[in-house]
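Novice: Just so it is clear, I am handing over entry_26.txt, which has compact mmCIF, N, CA and C atoms.
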```txt
# COMPACT_ATOMS: atom_id res chain seq x y z
N MET R 1 -34.95 7.24 -7.05
CA MET R 1 -33.83 6.62 -6.39
C MET R 1 -34.05 6.73 -4.88
N ASN R 2 -34.01 5.57 -4.18
CA ASN R 2 -34.26 5.61 -2.74
C ASN R 2 -33.03 6.09 -1.98
N LYS R 3 -33.21 6.37 -0.69
CA LYS R 3 -32.17 6.96 0.15
C LYS R 3 -30.93 6.08 0.24
N ILE R 4 -31.11 4.76 0.37
CA ILE R 4 -29.97 3.84 0.48
C ILE R 4 -29.16 3.86 -0.81
N THR R 5 -29.85 3.80 -1.95
CA THR R 5 -29.15 3.81 -3.22
C THR R 5 -28.38 5.10 -3.40
N MET R 6 -28.97 6.22 -3.01
CA MET R 6 -28.28 7.51 -3.13
C MET R 6 -27.04 7.54 -2.24
N LEU R 7 -27.14 7.03 -1.00
CA LEU R 7 -25.99 7.00 -0.11
C LEU R 7 -24.88 6.13 -0.68
N LEU R 8 -25.25 4.97 -1.21
CA LEU R 8 -24.26 4.05 -1.75
C LEU R 8 -23.64 4.58 -3.04
N ALA R 9 -24.43 5.33 -3.82
CA ALA R 9 -23.94 5.83 -5.09
C ALA R 9 -23.01 7.02 -4.93
N ASN R 10 -22.90 7.58 -3.73
CA ASN R 10 -22.08 8.77 -3.52
C ASN R 10 -20.60 8.53 -3.67
N GLY R 11 -20.13 7.31 -3.73
CA GLY R 11 -18.72 7.16 -3.98
C GLY R 11 -18.14 5.82 -3.70
N ILE R 12 -16.88 5.63 -4.17
CA ILE R 12 -16.18 4.39 -4.01
C ILE R 12 -14.69 4.55 -4.24
N ILE R 13 -13.85 3.86 -3.43
CA ILE R 13 -12.40 3.96 -3.60
C ILE R 13 -11.65 2.83 -2.90
N ALA R 14 -10.33 2.68 -3.11
CA ALA R 14 -9.62 1.51 -2.60
C ALA R 14 -8.33 1.81 -1.87
N ILE R 15 -7.61 0.74 -1.38
CA ILE R 15 -6.44 0.89 -0.52
C ILE R 15 -5.33 -0.09 -0.84
N MET R 16 -4.18 0.19 -0.24
CA MET R 16 -2.98 -0.60 -0.50
C MET R 16 -2.80 -1.70 0.53
N PHE R 17 -3.11 -2.92 0.14
CA PHE R 17 -2.87 -4.10 0.95
C PHE R 17 -3.35 -3.95 2.38
N ILE R 18 -4.57 -3.49 2.56
CA ILE R 18 -5.15 -3.33 3.88
C ILE R 18 -6.38 -4.20 3.96
N SER R 19 -6.49 -4.97 4.99
CA SER R 19 -7.67 -5.79 5.21
C SER R 19 -8.52 -5.15 6.29
N VAL R 20 -9.82 -5.15 6.07
CA VAL R 20 -10.74 -4.59 7.05
C VAL R 20 -11.71 -5.69 7.43
N PHE R 21 -11.74 -6.04 8.70
CA PHE R 21 -12.67 -7.03 9.20
C PHE R 21 -13.67 -6.31 10.07
N SER R 22 -14.95 -6.49 9.79
CA SER R 22 -15.93 -5.67 10.50
C SER R 22 -17.05 -6.50 11.08
N THR R 23 -17.59 -6.00 12.16
CA THR R 23 -18.78 -6.55 12.78
C THR R 23 -19.74 -5.40 12.97
N SER R 24 -20.94 -5.67 13.44
CA SER R 24 -21.87 -4.56 13.60
C SER R 24 -22.09 -4.19 15.05
N PHE R 25 -21.40 -4.77 15.98
CA PHE R 25 -21.55 -4.38 17.37
C PHE R 25 -20.62 -3.22 17.64
N ALA R 26 -21.17 -2.10 18.13
CA ALA R 26 -20.41 -0.86 18.29
C ALA R 26 -19.14 -1.07 19.12
N ASP R 27 -19.20 -1.94 20.16
CA ASP R 27 -18.00 -2.13 20.98
C ASP R 27 -16.99 -3.07 20.34
N GLU R 28 -17.33 -3.70 19.20
CA GLU R 28 -16.42 -4.59 18.51
C GLU R 28 -16.01 -4.04 17.15
N LEU R 29 -16.41 -2.83 16.82
CA LEU R 29 -16.07 -2.25 15.53
C LEU R 29 -14.58 -2.00 15.44
N PRO R 30 -14.02 -2.13 14.21
CA PRO R 30 -12.62 -1.78 14.04
C PRO R 30 -12.40 -0.30 14.38
N SER R 31 -11.20 0.02 14.80
CA SER R 31 -10.87 1.41 15.09
C SER R 31 -11.15 2.26 13.85
N GLY R 32 -11.76 3.41 14.03
CA GLY R 32 -12.08 4.28 12.90
C GLY R 32 -13.38 3.93 12.23
N SER R 33 -14.22 3.09 12.85
CA SER R 33 -15.49 2.68 12.26
C SER R 33 -16.67 3.22 13.06
N GLN R 34 -17.77 3.44 12.35
CA GLN R 34 -19.02 3.83 13.00
C GLN R 34 -20.19 3.32 12.16
N ILE R 35 -21.33 3.14 12.79
CA ILE R 35 -22.53 2.67 12.09
C ILE R 35 -23.60 3.73 12.17
N THR R 36 -24.23 3.98 11.01
CA THR R 36 -25.36 4.89 10.93
C THR R 36 -26.59 4.06 10.57
N PRO R 37 -27.57 3.94 11.48
CA PRO R 37 -28.77 3.16 11.17
C PRO R 37 -29.55 3.76 10.00
N LEU R 38 -30.05 2.89 9.14
CA LEU R 38 -30.90 3.33 8.03
C LEU R 38 -32.37 3.09 8.36
N ASP R 39 -32.61 2.03 9.10
CA ASP R 39 -33.95 1.72 9.59
C ASP R 39 -33.75 0.89 10.86
N GLY R 40 -34.73 0.18 11.32
CA GLY R 40 -34.59 -0.59 12.55
C GLY R 40 -33.80 -1.87 12.41
N ASN R 41 -33.43 -2.23 11.16
CA ASN R 41 -32.80 -3.52 10.93
C ASN R 41 -31.40 -3.42 10.32
N ILE R 42 -31.16 -2.44 9.43
CA ILE R 42 -29.87 -2.34 8.75
C ILE R 42 -29.27 -0.95 8.94
N GLY R 43 -27.96 -0.87 8.69
CA GLY R 43 -27.25 0.40 8.78
C GLY R 43 -26.04 0.39 7.87
N ILE R 44 -25.42 1.56 7.73
CA ILE R 44 -24.19 1.67 6.94
C ILE R 44 -23.02 1.77 7.92
N GLU R 45 -22.10 0.84 7.79
CA GLU R 45 -20.87 0.87 8.58
C GLU R 45 -19.81 1.60 7.77
N LYS R 46 -19.25 2.65 8.35
CA LYS R 46 -18.22 3.45 7.69
C LYS R 46 -16.91 3.23 8.43
N THR R 47 -15.87 2.84 7.69
CA THR R 47 -14.54 2.67 8.25
C THR R 47 -13.62 3.65 7.54
N VAL R 48 -12.81 4.37 8.30
CA VAL R 48 -11.87 5.33 7.74
C VAL R 48 -10.45 4.85 8.06
N LEU R 49 -9.64 4.76 7.01
CA LEU R 49 -8.26 4.29 7.13
C LEU R 49 -7.32 5.26 6.44
N THR R 50 -6.05 5.15 6.73
CA THR R 50 -5.03 5.95 6.06
C THR R 50 -4.22 5.05 5.15
N LEU R 51 -3.96 5.53 3.95
CA LEU R 51 -3.13 4.83 2.97
C LEU R 51 -1.94 5.71 2.67
N SER R 52 -0.73 5.18 2.80
CA SER R 52 0.49 5.92 2.48
C SER R 52 1.24 5.19 1.38
N ILE R 53 1.51 5.90 0.29
CA ILE R 53 2.23 5.32 -0.84
C ILE R 53 3.52 6.12 -1.01
N PRO R 54 4.69 5.48 -0.82
CA PRO R 54 5.96 6.20 -0.91
C PRO R 54 6.28 6.62 -2.35
N ASP R 55 7.11 7.64 -2.48
CA ASP R 55 7.52 8.14 -3.80
C ASP R 55 8.22 7.06 -4.62
N ASN R 56 8.96 6.18 -3.95
CA ASN R 56 9.74 5.16 -4.64
C ASN R 56 8.99 3.83 -4.77
N ASN R 57 7.67 3.86 -4.67
CA ASN R 57 6.87 2.65 -4.79
C ASN R 57 7.03 2.03 -6.17
N ASP R 58 7.23 0.70 -6.22
CA ASP R 58 7.29 0.02 -7.51
C ASP R 58 6.24 -1.09 -7.61
N LEU R 59 5.33 -1.15 -6.65
CA LEU R 59 4.24 -2.12 -6.72
C LEU R 59 3.15 -1.57 -7.64
N PRO R 60 2.65 -2.38 -8.57
CA PRO R 60 1.68 -1.86 -9.54
C PRO R 60 0.24 -1.79 -9.04
N TRP R 61 -0.11 -2.56 -8.01
CA TRP R 61 -1.50 -2.68 -7.59
C TRP R 61 -1.70 -2.28 -6.13
N VAL R 62 -2.90 -1.84 -5.84
CA VAL R 62 -3.37 -1.58 -4.49
C VAL R 62 -4.68 -2.32 -4.37
N PHE R 63 -4.98 -2.82 -3.18
CA PHE R 63 -6.28 -3.45 -3.04
C PHE R 63 -6.86 -3.24 -1.66
N VAL R 64 -8.19 -3.33 -1.63
CA VAL R 64 -8.95 -3.29 -0.39
C VAL R 64 -9.65 -4.63 -0.30
N GLU R 65 -9.52 -5.28 0.84
CA GLU R 65 -10.24 -6.54 1.04
C GLU R 65 -10.72 -6.59 2.47
N GLY R 66 -11.71 -7.39 2.69
CA GLY R 66 -12.21 -7.52 4.04
C GLY R 66 -13.26 -8.59 4.14
N LYS R 67 -13.74 -8.78 5.34
CA LYS R 67 -14.83 -9.72 5.59
C LYS R 67 -15.81 -9.04 6.54
N ILE R 68 -17.04 -8.99 6.12
CA ILE R 68 -18.10 -8.38 6.90
C ILE R 68 -18.80 -9.50 7.66
N ALA R 69 -18.87 -9.37 8.98
CA ALA R 69 -19.43 -10.43 9.81
C ALA R 69 -20.94 -10.56 9.61
N ASN R 70 -21.62 -9.49 9.28
CA ASN R 70 -23.08 -9.51 9.18
C ASN R 70 -23.56 -8.70 7.97
N PRO R 71 -23.14 -9.09 6.75
CA PRO R 71 -23.48 -8.30 5.57
C PRO R 71 -24.95 -8.45 5.19
N VAL R 72 -25.48 -7.39 4.61
CA VAL R 72 -26.78 -7.45 3.96
C VAL R 72 -26.46 -7.73 2.50
N LEU R 73 -26.81 -8.93 2.03
CA LEU R 73 -26.47 -9.33 0.67
C LEU R 73 -27.17 -8.43 -0.33
N ASP R 74 -26.61 -8.33 -1.52
CA ASP R 74 -27.11 -7.51 -2.62
C ASP R 74 -26.81 -6.03 -2.45
N TYR R 75 -26.02 -5.65 -1.44
CA TYR R 75 -25.54 -4.28 -1.31
C TYR R 75 -24.03 -4.30 -1.49
N PRO R 76 -23.50 -3.51 -2.43
CA PRO R 76 -22.05 -3.51 -2.64
C PRO R 76 -21.31 -2.76 -1.54
N VAL R 77 -20.01 -2.98 -1.48
CA VAL R 77 -19.12 -2.19 -0.63
C VAL R 77 -18.70 -0.98 -1.47
N ILE R 78 -18.78 0.20 -0.88
CA ILE R 78 -18.39 1.43 -1.55
C ILE R 78 -17.05 1.88 -0.97
N ILE R 79 -16.12 2.25 -1.84
CA ILE R 79 -14.78 2.65 -1.42
C ILE R 79 -14.49 4.02 -2.00
N GLN R 80 -14.01 4.94 -1.15
CA GLN R 80 -13.67 6.29 -1.58
C GLN R 80 -12.26 6.61 -1.10
N ILE R 81 -11.45 7.21 -1.98
CA ILE R 81 -10.10 7.62 -1.61
C ILE R 81 -9.96 9.12 -1.85
N TYR R 82 -9.43 9.79 -0.83
CA TYR R 82 -9.24 11.25 -0.88
C TYR R 82 -7.77 11.57 -0.68
N ASP R 83 -7.26 12.51 -1.46
CA ASP R 83 -5.88 12.95 -1.35
C ASP R 83 -5.76 13.88 -0.15
N ASN R 84 -4.96 13.50 0.83
CA ASN R 84 -4.79 14.32 2.03
C ASN R 84 -4.17 15.67 1.72
N ASP R 85 -3.28 15.76 0.72
CA ASP R 85 -2.66 17.03 0.36
C ASP R 85 -3.71 18.04 -0.10
N ASP R 86 -4.69 17.59 -0.89
CA ASP R 86 -5.76 18.49 -1.35
C ASP R 86 -6.57 18.99 -0.16
N GLN R 87 -6.85 18.11 0.79
CA GLN R 87 -7.65 18.50 1.94
C GLN R 87 -6.90 19.47 2.84
N VAL R 88 -5.58 19.29 2.98
CA VAL R 88 -4.77 20.20 3.79
C VAL R 88 -4.74 21.59 3.16
N LYS R 89 -4.74 21.64 1.83
CA LYS R 89 -4.70 22.92 1.12
C LYS R 89 -6.06 23.62 1.11
N GLY R 90 -7.04 23.04 1.77
CA GLY R 90 -8.36 23.66 1.83
C GLY R 90 -9.32 23.22 0.75
N ASN R 91 -8.89 22.30 -0.09
CA ASN R 91 -9.77 21.77 -1.13
C ASN R 91 -10.62 20.67 -0.52
N ASP R 92 -11.90 20.95 -0.30
CA ASP R 92 -12.78 19.98 0.34
C ASP R 92 -13.01 18.74 -0.52
N VAL R 93 -12.86 18.87 -1.81
CA VAL R 93 -13.14 17.74 -2.69
C VAL R 93 -12.08 16.67 -2.49
N GLY R 94 -10.90 16.83 -3.03
CA GLY R 94 -9.80 15.93 -2.81
C GLY R 94 -10.03 14.48 -3.21
N ALA R 95 -11.17 14.17 -3.82
CA ALA R 95 -11.47 12.79 -4.21
C ALA R 95 -10.62 12.40 -5.41
N VAL R 96 -9.98 11.24 -5.30
CA VAL R 96 -9.13 10.78 -6.39
C VAL R 96 -9.56 9.45 -6.99
N HIS R 97 -10.36 8.69 -6.26
CA HIS R 97 -10.79 7.39 -6.80
C HIS R 97 -12.05 6.94 -6.08
N PHE R 98 -13.01 6.43 -6.86
CA PHE R 98 -14.24 5.85 -6.32
C PHE R 98 -14.41 4.47 -6.91
N ALA R 99 -14.95 3.53 -6.12
CA ALA R 99 -15.17 2.17 -6.62
C ALA R 99 -16.27 1.50 -5.82
N GLN R 100 -16.77 0.42 -6.35
CA GLN R 100 -17.67 -0.43 -5.58
C GLN R 100 -17.38 -1.86 -5.98
N THR R 101 -17.60 -2.76 -5.03
CA THR R 101 -17.36 -4.17 -5.29
C THR R 101 -18.43 -4.99 -4.59
N ASP R 102 -18.74 -6.13 -5.16
CA ASP R 102 -19.76 -7.00 -4.59
C ASP R 102 -19.26 -7.70 -3.35
N VAL R 103 -20.20 -8.10 -2.51
CA VAL R 103 -19.91 -8.88 -1.31
C VAL R 103 -20.26 -10.33 -1.61
N ASN R 104 -19.33 -11.23 -1.35
CA ASN R 104 -19.58 -12.66 -1.57
C ASN R 104 -20.51 -13.20 -0.48
N GLU R 105 -21.07 -14.39 -0.71
CA GLU R 105 -22.00 -14.98 0.26
C GLU R 105 -21.39 -15.17 1.64
N ASP R 106 -20.07 -15.36 1.70
CA ASP R 106 -19.42 -15.53 3.01
C ASP R 106 -19.04 -14.19 3.66
N GLY R 107 -19.43 -13.07 3.05
CA GLY R 107 -19.17 -11.75 3.61
C GLY R 107 -17.85 -11.13 3.19
N THR R 108 -17.08 -11.82 2.35
CA THR R 108 -15.79 -11.27 1.91
C THR R 108 -15.98 -10.36 0.70
N TYR R 109 -15.03 -9.44 0.55
CA TYR R 109 -15.01 -8.57 -0.62
C TYR R 109 -13.57 -8.22 -0.93
N GLU R 110 -13.32 -7.84 -2.20
CA GLU R 110 -11.99 -7.41 -2.61
C GLU R 110 -12.13 -6.49 -3.80
N TYR R 111 -11.30 -5.45 -3.82
CA TYR R 111 -11.24 -4.53 -4.95
C TYR R 111 -9.78 -4.15 -5.15
N LYS R 112 -9.30 -4.20 -6.40
CA LYS R 112 -7.92 -3.80 -6.65
C LYS R 112 -7.89 -2.86 -7.86
N PHE R 113 -6.87 -1.98 -7.86
CA PHE R 113 -6.69 -1.07 -8.98
C PHE R 113 -5.21 -0.68 -9.09
N ARG R 114 -4.86 -0.16 -10.26
CA ARG R 114 -3.47 0.20 -10.53
C ARG R 114 -3.09 1.51 -9.86
N ILE R 115 -1.88 1.52 -9.27
CA ILE R 115 -1.35 2.77 -8.72
C ILE R 115 -0.03 3.13 -9.40
N ASN R 116 0.42 2.26 -10.29
CA ASN R 116 1.69 2.44 -10.97
C ASN R 116 1.49 1.99 -12.41
N ASP R 117 1.89 2.81 -13.37
CA ASP R 117 1.71 2.49 -14.78
C ASP R 117 3.07 2.38 -15.45
N PHE R 118 3.18 1.49 -16.42
CA PHE R 118 4.44 1.29 -17.13
C PHE R 118 4.25 1.67 -18.58
N ASN R 119 4.93 2.74 -19.02
CA ASN R 119 4.86 3.21 -20.41
C ASN R 119 6.25 3.59 -20.89
N ASP R 120 6.52 3.26 -22.14
CA ASP R 120 7.78 3.67 -22.77
C ASP R 120 9.01 3.33 -21.93
N GLY R 121 9.01 2.17 -21.29
CA GLY R 121 10.16 1.71 -20.54
C GLY R 121 10.35 2.31 -19.16
N SER R 122 9.37 3.05 -18.67
CA SER R 122 9.52 3.61 -17.32
C SER R 122 8.18 3.58 -16.59
N PHE R 123 8.29 3.62 -15.25
CA PHE R 123 7.11 3.60 -14.40
C PHE R 123 6.63 5.03 -14.12
N THR R 124 5.32 5.19 -14.05
CA THR R 124 4.71 6.45 -13.65
C THR R 124 3.85 6.16 -12.45
N ASN R 125 4.10 6.86 -11.33
CA ASN R 125 3.27 6.70 -10.15
C ASN R 125 1.96 7.46 -10.35
N LEU R 126 0.87 6.74 -10.30
CA LEU R 126 -0.45 7.35 -10.40
C LEU R 126 -0.91 7.88 -9.05
N PHE R 127 -0.36 7.30 -7.97
CA PHE R 127 -0.66 7.71 -6.60
C PHE R 127 0.64 7.83 -5.84
N GLU R 128 0.80 8.92 -5.08
CA GLU R 128 1.94 9.12 -4.19
C GLU R 128 1.46 9.90 -2.98
N GLY R 129 2.03 9.60 -1.83
CA GLY R 129 1.70 10.37 -0.64
C GLY R 129 0.66 9.71 0.23
N ASP R 130 -0.02 10.54 1.03
CA ASP R 130 -1.00 10.04 2.01
C ASP R 130 -2.42 10.27 1.53
N TYR R 131 -3.26 9.27 1.77
CA TYR R 131 -4.65 9.31 1.35
C TYR R 131 -5.55 8.85 2.50
N THR R 132 -6.76 9.37 2.51
CA THR R 132 -7.78 8.90 3.44
C THR R 132 -8.69 7.98 2.65
N VAL R 133 -8.93 6.79 3.18
CA VAL R 133 -9.79 5.81 2.53
C VAL R 133 -11.03 5.61 3.38
N LYS R 134 -12.19 5.74 2.75
CA LYS R 134 -13.47 5.53 3.44
C LYS R 134 -14.15 4.33 2.79
N ILE R 135 -14.55 3.37 3.64
CA ILE R 135 -15.19 2.15 3.17
C ILE R 135 -16.58 2.09 3.80
N PHE R 136 -17.61 1.91 2.95
CA PHE R 136 -19.00 1.86 3.40
C PHE R 136 -19.58 0.48 3.11
N LYS R 137 -20.16 -0.15 4.16
CA LYS R 137 -20.75 -1.48 4.04
C LYS R 137 -22.14 -1.46 4.67
N VAL R 138 -23.10 -2.12 4.03
CA VAL R 138 -24.43 -2.23 4.61
C VAL R 138 -24.46 -3.49 5.46
N VAL R 139 -24.83 -3.33 6.75
CA VAL R 139 -24.79 -4.43 7.70
C VAL R 139 -26.11 -4.52 8.46
N TYR R 140 -26.37 -5.70 8.99
CA TYR R 140 -27.50 -5.85 9.89
C TYR R 140 -27.14 -5.27 11.25
N LEU R 141 -28.05 -4.52 11.83
CA LEU R 141 -27.82 -3.94 13.16
C LEU R 141 -27.86 -5.01 14.25
N PHE R 142 -28.71 -6.02 14.05
CA PHE R 142 -28.87 -7.10 15.02
C PHE R 142 -28.72 -8.41 14.26
N PRO R 143 -27.48 -8.85 14.01
CA PRO R 143 -27.24 -10.01 13.15
C PRO R 143 -27.91 -11.30 13.61
N ASN R 144 -28.12 -11.48 14.91
CA ASN R 144 -28.78 -12.70 15.38
C ASN R 144 -30.23 -12.78 14.95
N LEU R 145 -30.85 -11.63 14.69
CA LEU R 145 -32.24 -11.59 14.25
C LEU R 145 -32.37 -11.69 12.74
N SER R 146 -31.28 -11.40 11.99
CA SER R 146 -31.36 -11.35 10.54
C SER R 146 -31.53 -12.70 9.89
N SER R 147 -31.19 -13.78 10.54
CA SER R 147 -31.27 -15.11 9.94
C SER R 147 -32.63 -15.77 10.15
N THR R 148 -33.54 -15.11 10.86
CA THR R 148 -34.83 -15.72 11.10
C THR R 148 -35.87 -15.23 10.14
```
Show the structure stored in the file as structure tokens.
Specialist:
Amino acid sequence: MNKITMLLANGIIAIMFISVFSTSFADELPSGSQITPLDGNIGIEKTVLTLSIPDNNDLPWVFVEGKIANPVLDYPVIIQIYDNDDQVKGNDVGAVHFAQTDVNEDGTYEYKFRINDFNDGSFTNLFEGDYTVKIFKVVYLFPNLSST
């Protein structure tokens, strides 16, 4: 297993109605984003967001969507969600959901999952409180050179 595959396989998770639009220029990155070069041409863009789900939530789905300005095709978007309460209590793990989703040819991606379940006539919240969401995308470091 090569280094890129191992990095991408480390996790995946999603968010509640949050769109992330990303580019690969460091001065144009969304707030909370950074790029780690993998070689001279591509890198992993990491975006960190906060997801808050109220106790009285009645929406059944959460989703992460975005558009990558300079995606490297054939690399999925990796999404990781961590429970902030576990991290505050000193539990370094705190991981509650991992996912990956494909990137379309136009650079868009979307992933959705259930946060509310309906059984025996009542709702059960599968997620409540504050979460940290980490999104990993493989991007070209110099997008103007990638099309040649």
Novice: Figure out the distance between atom CA of Val64 of chain R and atom CA of Pro143 of chain R, please, to one decimal in Å.
Specialist: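 Here the two named atoms are 23.7 Å from each other.
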Novice: R:Ile68, R:Ile78, R:Asp117, R:Val139: which is nearest Phe98 of chain R, counting only N, CA and C atoms?
Specialist: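 Comparing R:Ile68, R:Ile78, R:Asp117, R:Val139 against Phe98 of chain R, the winner is R:Ile78.
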Novice: Under the rule that all atoms listed in the file are counted, which of R:Asn119, R:Val138, R:Asp102, R:Val96 is the nearest residue to Tyr82 of chain R?
Specialist: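 Using all atoms listed in the file, Tyr82 of chain R sits closest to R:Val96.
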Novice: Quick one: pull the distance between atom CA of Ile115 of chain R and atom CA of Asp130 of chain R, Å, one decimal.
Specialist: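 Atom CA of Asp130 of chain R lies at a distance of 13.0 Å from atom CA of Ile115 of chain R.
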Novice: With all atoms listed in the file as the basis for distance, which of R:Tyr131, R:Arg114, R:Phe123, R:Thr108 is at the shortest distance from Pro71 of chain R?
Specialist: R:Thr108
Novice: For Tyr140 of chain R, work out the shell of residues within 6 Å, counting only C-alpha atoms and skipping chain neighbours fewer than 5 positions away, then give it as a short mmCIF file (atom, residue, chain, number, x, y, z; two decimals) with N, CA and C atoms, in the frame of the given file.
Specialist:
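The resulting file, out-v7.cif, is shown below:
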```cif
data_model
loop_
_atom_site.label_atom_id
_atom_site.label_comp_id
_atom_site.auth_asym_id
_atom_site.auth_seq_id
_atom_site.Cartn_x
_atom_site.Cartn_y
_atom_site.Cartn_z
N ASN R 41 -33.43 -2.23 11.16
CA ASN R 41 -32.80 -3.52 10.93
C ASN R 41 -31.40 -3.42 10.32
N ILE R 42 -31.16 -2.44 9.43
CA ILE R 42 -29.87 -2.34 8.75
C ILE R 42 -29.27 -0.95 8.94
N ASN R 70 -21.62 -9.49 9.28
CA ASN R 70 -23.08 -9.51 9.18
C ASN R 70 -23.56 -8.70 7.97
#
```
Novice: Atom C of Val133 of chain R and atom CA of Lys46 of chain R, how far apart in Å?
Specialist: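 Atom C of Val133 of chain R lies 8.7 Å from atom CA of Lys46 of chain R.
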Novice: Take the point (-4.6, -4.7, -4.4) in the file's coordinates, draw a sphere of radius 5 Å around it, and report as a ChimeraX atom specification every protein, DNA or RNA residue with an atom inside or on it, counting all atoms listed in the file.
Specialist: /R:61-64,112-113
Novice: Can you tell me which residues surround Glu128 of chain R at a distance of at most 9 Å, considering only C-alpha atoms, apart from same-chain residues fewer than 4 positions away, and format the answer as a PDB file with N, CA and C atoms, in the frame of the given file?
Specialist:
```
ATOM      1  N   SER R  52      -0.730   5.180   2.800  1.00  0.00           N
ATOM      2  CA  SER R  52       0.490   5.920   2.480  1.00  0.00           C
ATOM      3  C   SER R  52       1.240   5.190   1.380  1.00  0.00           C
ATOM      4  N   ILE R  53       1.510   5.900   0.290  1.00  0.00           N
ATOM      5  CA  ILE R  53       2.230   5.320  -0.840  1.00  0.00           C
ATOM      6  C   ILE R  53       3.520   6.120  -1.010  1.00  0.00           C
ATOM      7  N   PRO R  54       4.690   5.480  -0.820  1.00  0.00           N
ATOM      8  CA  PRO R  54       5.960   6.200  -0.910  1.00  0.00           C
ATOM      9  C   PRO R  54       6.280   6.620  -2.350  1.00  0.00           C
ATOM     10  N   ASP R  55       7.110   7.640  -2.480  1.00  0.00           N
ATOM     11  CA  ASP R  55       7.520   8.140  -3.800  1.00  0.00           C
ATOM     12  C   ASP R  55       8.220   7.060  -4.620  1.00  0.00           C
ATOM     13  N   ASN R  56       8.960   6.180  -3.950  1.00  0.00           N
ATOM     14  CA  ASN R  56       9.740   5.160  -4.640  1.00  0.00           C
ATOM     15  C   ASN R  56       8.990   3.830  -4.770  1.00  0.00           C
ATOM     16  N   ASN R  57       7.670   3.860  -4.670  1.00  0.00           N
ATOM     17  CA  ASN R  57       6.870   2.650  -4.790  1.00  0.00           C
ATOM     18  C   ASN R  57       7.030   2.030  -6.170  1.00  0.00           C
ATOM     19  N   ILE R 115      -1.880   1.520  -9.270  1.00  0.00           N
ATOM     20  CA  ILE R 115      -1.350   2.770  -8.720  1.00  0.00           C
ATOM     21  C   ILE R 115      -0.030   3.130  -9.400  1.00  0.00           C
TER      22      ILE R 115
END
```
Novice: According to DSSP computed on the backbone, where in segment 51-144 of chain R is there alpha helix (DSSP H)? Give the residues as a list in words.
Specialist: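 Listing alpha helix (DSSP H) positions across segment 51-144 of chain R yields Asn84, Asp85, Asp86, Gln87, Val88, Pro143 and Asn144 of chain R.
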Novice: Write out as JSON, numbers by chain the residues lying within 7 Å of Tyr109 of chain R, counting all atoms listed in the file and excluding same-chain residues fewer than 3 positions away.
Specialist: {"R": [64, 65, 66, 67, 68, 101, 102, 103, 104, 106]}
Novice: Name the closest residue to Glu105 of chain R among the candidates R:Leu73, R:Lys137, R:Pro60, R:Pro37; distances are taken between atoms, counting only N, CA and C atoms.
Specialist: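 Of R:Leu73, R:Lys137, R:Pro60, R:Pro37, the one nearest Glu105 of chain R, counting only N, CA and C atoms, is R:Leu73.
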